[in-house]
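start.cif follows (mmCIF, N, CA and C atoms):
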```cif
data_start
#
loop_
_atom_site.label_atom_id
_atom_site.label_comp_id
_atom_site.auth_asym_id
_atom_site.auth_seq_id
_atom_site.Cartn_x
_atom_site.Cartn_y
_atom_site.Cartn_z
N MET R 1 196.69 138.63 153.23
CA MET R 1 197.84 138.79 154.08
C MET R 1 197.49 139.74 155.23
N ASN R 2 196.85 140.85 154.92
CA ASN R 2 196.49 141.81 155.96
C ASN R 2 195.47 141.24 156.93
N ALA R 3 194.50 140.49 156.42
CA ALA R 3 193.49 139.91 157.30
C ALA R 3 194.10 138.88 158.25
N ALA R 4 195.04 138.09 157.75
CA ALA R 4 195.72 137.11 158.61
C ALA R 4 196.50 137.82 159.71
N GLN R 5 197.15 138.93 159.36
CA GLN R 5 197.86 139.72 160.36
C GLN R 5 196.89 140.25 161.41
N ALA R 6 195.78 140.79 160.95
CA ALA R 6 194.80 141.39 161.85
C ALA R 6 194.24 140.36 162.83
N LEU R 7 193.97 139.15 162.35
CA LEU R 7 193.46 138.11 163.24
C LEU R 7 194.43 137.81 164.37
N GLU R 8 195.72 137.83 164.08
CA GLU R 8 196.72 137.56 165.11
C GLU R 8 196.71 138.63 166.20
N PHE R 9 196.40 139.86 165.84
CA PHE R 9 196.35 140.93 166.83
C PHE R 9 195.12 140.83 167.73
N ARG R 10 194.14 140.02 167.33
CA ARG R 10 192.91 139.85 168.11
C ARG R 10 192.98 138.65 169.05
N ARG R 11 194.09 137.93 169.05
CA ARG R 11 194.22 136.77 169.93
C ARG R 11 194.13 137.21 171.37
N PRO R 12 193.53 136.45 172.25
CA PRO R 12 193.16 135.04 172.14
C PRO R 12 191.78 134.79 171.54
N LEU R 13 191.11 135.83 171.05
CA LEU R 13 189.81 135.60 170.41
C LEU R 13 189.98 134.69 169.21
N LYS R 14 188.94 133.95 168.87
CA LYS R 14 188.97 133.01 167.76
C LYS R 14 187.90 133.37 166.74
N SER R 15 188.13 132.98 165.51
CA SER R 15 187.14 133.13 164.45
C SER R 15 186.46 131.77 164.24
N SER R 16 185.78 131.61 163.13
CA SER R 16 185.11 130.33 162.84
C SER R 16 186.15 129.23 162.62
N ASP R 17 185.72 127.98 162.74
CA ASP R 17 186.63 126.86 162.52
C ASP R 17 187.25 126.91 161.13
N PHE R 18 186.43 127.26 160.13
CA PHE R 18 186.94 127.33 158.76
C PHE R 18 188.04 128.39 158.63
N ILE R 19 187.77 129.59 159.15
CA ILE R 19 188.74 130.68 159.04
C ILE R 19 190.02 130.33 159.79
N GLU R 20 189.90 129.75 160.97
CA GLU R 20 191.08 129.36 161.74
C GLU R 20 191.90 128.31 160.98
N SER R 21 191.22 127.37 160.36
CA SER R 21 191.91 126.34 159.57
C SER R 21 192.59 126.97 158.36
N PHE R 22 191.89 127.87 157.68
CA PHE R 22 192.42 128.55 156.51
C PHE R 22 193.67 129.34 156.88
N VAL R 23 193.58 130.12 157.94
CA VAL R 23 194.71 130.95 158.36
C VAL R 23 195.87 130.06 158.81
N GLY R 24 195.57 128.94 159.47
CA GLY R 24 196.63 128.01 159.86
C GLY R 24 197.36 127.47 158.65
N SER R 25 196.62 127.10 157.62
CA SER R 25 197.24 126.61 156.38
C SER R 25 198.05 127.72 155.72
N TYR R 26 197.50 128.92 155.74
CA TYR R 26 198.20 130.07 155.17
C TYR R 26 199.50 130.33 155.91
N ARG R 27 199.46 130.26 157.23
CA ARG R 27 200.65 130.52 158.03
C ARG R 27 201.72 129.44 157.85
N ASP R 28 201.33 128.27 157.39
CA ASP R 28 202.32 127.25 157.06
C ASP R 28 203.18 127.69 155.87
N GLU R 29 202.61 128.56 155.04
CA GLU R 29 203.29 129.03 153.83
C GLU R 29 203.88 130.44 153.97
N VAL R 30 203.18 131.29 154.71
CA VAL R 30 203.57 132.70 154.82
C VAL R 30 203.68 133.08 156.30
N ALA R 31 204.86 133.46 156.72
CA ALA R 31 205.10 133.79 158.13
C ALA R 31 204.46 135.11 158.53
N PHE R 32 204.15 135.22 159.82
CA PHE R 32 203.67 136.46 160.42
C PHE R 32 204.73 137.55 160.22
N VAL R 33 204.29 138.75 159.91
CA VAL R 33 205.22 139.87 159.72
C VAL R 33 205.45 140.53 161.08
N GLU R 34 206.62 140.27 161.66
CA GLU R 34 206.94 140.81 162.98
C GLU R 34 207.66 142.14 162.91
N SER R 35 208.33 142.40 161.80
CA SER R 35 209.06 143.66 161.65
C SER R 35 209.05 144.05 160.18
N ASP R 36 209.41 145.29 159.91
CA ASP R 36 209.44 145.78 158.54
C ASP R 36 210.36 144.92 157.69
N ARG R 37 209.89 144.58 156.51
CA ARG R 37 210.69 143.83 155.55
C ARG R 37 210.07 144.00 154.17
N ILE R 38 210.80 143.62 153.18
CA ILE R 38 210.27 143.64 151.81
C ILE R 38 209.22 142.55 151.72
N LEU R 39 208.02 142.93 151.31
CA LEU R 39 206.90 141.99 151.29
C LEU R 39 206.70 141.28 149.95
N HIS R 40 207.55 141.57 148.99
CA HIS R 40 207.41 140.96 147.67
C HIS R 40 207.31 139.44 147.76
N TYR R 41 208.18 138.83 148.53
CA TYR R 41 208.19 137.37 148.61
C TYR R 41 206.96 136.83 149.34
N ASP R 42 206.49 137.56 150.35
CA ASP R 42 205.27 137.17 151.05
C ASP R 42 204.06 137.28 150.12
N ILE R 43 204.04 138.31 149.30
CA ILE R 43 202.93 138.49 148.35
C ILE R 43 202.95 137.36 147.32
N GLU R 44 204.12 137.02 146.82
CA GLU R 44 204.24 135.91 145.86
C GLU R 44 203.76 134.60 146.50
N LYS R 45 204.17 134.34 147.74
CA LYS R 45 203.74 133.14 148.44
C LYS R 45 202.23 133.15 148.67
N SER R 46 201.68 134.33 148.97
CA SER R 46 200.24 134.47 149.17
C SER R 46 199.47 134.15 147.90
N ILE R 47 199.95 134.66 146.79
CA ILE R 47 199.30 134.39 145.49
C ILE R 47 199.34 132.90 145.20
N ASN R 48 200.47 132.28 145.39
CA ASN R 48 200.58 130.83 145.14
C ASN R 48 199.68 130.04 146.09
N PHE R 49 199.59 130.47 147.33
CA PHE R 49 198.71 129.79 148.28
C PHE R 49 197.26 129.85 147.82
N ILE R 50 196.78 131.04 147.47
CA ILE R 50 195.40 131.21 147.03
C ILE R 50 195.12 130.38 145.78
N LYS R 51 196.04 130.39 144.84
CA LYS R 51 195.85 129.64 143.59
C LYS R 51 195.78 128.13 143.83
N SER R 52 196.49 127.65 144.83
CA SER R 52 196.56 126.19 145.03
C SER R 52 195.65 125.68 146.15
N PHE R 53 195.01 126.58 146.91
CA PHE R 53 194.21 126.16 148.05
C PHE R 53 192.96 125.42 147.59
N GLN R 54 192.72 124.28 148.21
CA GLN R 54 191.55 123.45 147.92
C GLN R 54 190.60 123.48 149.12
N ILE R 55 189.34 123.77 148.88
CA ILE R 55 188.35 123.76 149.96
C ILE R 55 187.69 122.41 149.99
N ASP R 56 187.70 121.79 151.17
CA ASP R 56 187.04 120.50 151.37
C ASP R 56 185.67 120.77 151.93
N PHE R 57 184.62 120.53 151.13
CA PHE R 57 183.26 120.82 151.54
C PHE R 57 182.62 119.72 152.38
N GLU R 58 183.37 118.68 152.67
CA GLU R 58 182.81 117.58 153.47
C GLU R 58 183.12 117.71 154.91
#
```
Turn this file's structure into structure tokens for me.
Amino acid sequence: MNAAQALEFRRPLKSSDFIESFVGSYRDEVAFVESDRILHYDIEKSINFIKSFQIDFE
């Protein structure tokens, strides 16, 4: 979650295609944190995302 936030602060710079794709998929599930809020639900969504994420090696 923190790394995804940090990448957004580095825009317009880009990372590797894989990382950009990964973060894009992550952001489909977990929104950018724009203001202070309880992060419990974001953490739960992050855990579920990591557990279900499939890497396509092709």
Run the PyMOL selection byres ((chain R and resi 45-56) around 8) on the file and write out the hits as JSON, numbers by chain. {"R": [1, 25, 26, 29, 30, 39, 40, 41, 42, 43, 44, 57, 58]}
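Note that the spacing between CA of Ser35 (chain R) and atom N of Asp17 (chain R) amounts to 28.1 Å.
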Work out how far atom C of Val33 (chain R) is from atom N of Glu20 (chain R), in Å to one decimal.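 Taking atom N of Glu20 (chain R) as the start and atom C of Val33 (chain R) as the end point, the length is 18.9 Å.
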Work out how far apart atom C of Phe22 (chain R) and CA of Glu34 (chain R) are and give it in Å to one decimal.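 These atoms are spaced 18.6 Å apart.
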Reconstruct N, CA, C and O atoms of region 1-13 of chain R; output as an mmCIF file, in the coordinates of the input.
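To be explicit, this is the file written out as out_11.cif:
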```cif
data_model
loop_
_atom_site.group_PDB
_atom_site.id
_atom_site.type_symbol
_atom_site.label_atom_id
_atom_site.label_comp_id
_atom_site.auth_asym_id
_atom_site.auth_seq_id
_atom_site.Cartn_x
_atom_site.Cartn_y
_atom_site.Cartn_z
ATOM 1 N N MET R 1 196.690 138.630 153.230
ATOM 2 C CA MET R 1 197.840 138.790 154.080
ATOM 3 C C MET R 1 197.490 139.740 155.230
ATOM 4 O O MET R 1 197.805 139.459 156.385
ATOM 5 N N ASN R 2 196.850 140.850 154.920
ATOM 6 C CA ASN R 2 196.490 141.810 155.960
ATOM 7 C C ASN R 2 195.470 141.240 156.930
ATOM 8 O O ASN R 2 195.560 141.476 158.138
ATOM 9 N N ALA R 3 194.500 140.490 156.420
ATOM 10 C CA ALA R 3 193.490 139.910 157.300
ATOM 11 C C ALA R 3 194.100 138.880 158.250
ATOM 12 O O ALA R 3 193.734 138.829 159.422
ATOM 13 N N ALA R 4 195.040 138.090 157.750
ATOM 14 C CA ALA R 4 195.720 137.110 158.610
ATOM 15 C C ALA R 4 196.500 137.820 159.710
ATOM 16 O O ALA R 4 196.499 137.383 160.861
ATOM 17 N N GLN R 5 197.150 138.930 159.360
ATOM 18 C CA GLN R 5 197.860 139.720 160.360
ATOM 19 C C GLN R 5 196.890 140.250 161.410
ATOM 20 O O GLN R 5 197.145 140.171 162.607
ATOM 21 N N ALA R 6 195.780 140.790 160.950
ATOM 22 C CA ALA R 6 194.800 141.390 161.850
ATOM 23 C C ALA R 6 194.240 140.360 162.830
ATOM 24 O O ALA R 6 194.059 140.659 164.015
ATOM 25 N N LEU R 7 193.970 139.150 162.350
ATOM 26 C CA LEU R 7 193.460 138.110 163.240
ATOM 27 C C LEU R 7 194.430 137.810 164.370
ATOM 28 O O LEU R 7 194.024 137.565 165.510
ATOM 29 N N GLU R 8 195.720 137.830 164.080
ATOM 30 C CA GLU R 8 196.720 137.560 165.110
ATOM 31 C C GLU R 8 196.710 138.630 166.200
ATOM 32 O O GLU R 8 196.961 138.327 167.367
ATOM 33 N N PHE R 9 196.400 139.860 165.840
ATOM 34 C CA PHE R 9 196.350 140.930 166.830
ATOM 35 C C PHE R 9 195.120 140.830 167.730
ATOM 36 O O PHE R 9 195.067 141.485 168.773
ATOM 37 N N ARG R 10 194.140 140.020 167.330
ATOM 38 C CA ARG R 10 192.910 139.850 168.110
ATOM 39 C C ARG R 10 192.980 138.650 169.050
ATOM 40 O O ARG R 10 192.022 138.357 169.753
ATOM 41 N N ARG R 11 194.090 137.930 169.050
ATOM 42 C CA ARG R 11 194.220 136.770 169.930
ATOM 43 C C ARG R 11 194.130 137.210 171.370
ATOM 44 O O ARG R 11 194.540 138.312 171.701
ATOM 45 N N PRO R 12 193.530 136.450 172.250
ATOM 46 C CA PRO R 12 193.160 135.040 172.140
ATOM 47 C C PRO R 12 191.780 134.790 171.540
ATOM 48 O O PRO R 12 191.304 133.662 171.537
ATOM 49 N N LEU R 13 191.110 135.830 171.050
ATOM 50 C CA LEU R 13 189.810 135.600 170.410
ATOM 51 C C LEU R 13 189.980 134.690 169.210
ATOM 52 O O LEU R 13 191.034 134.660 168.573
#
```
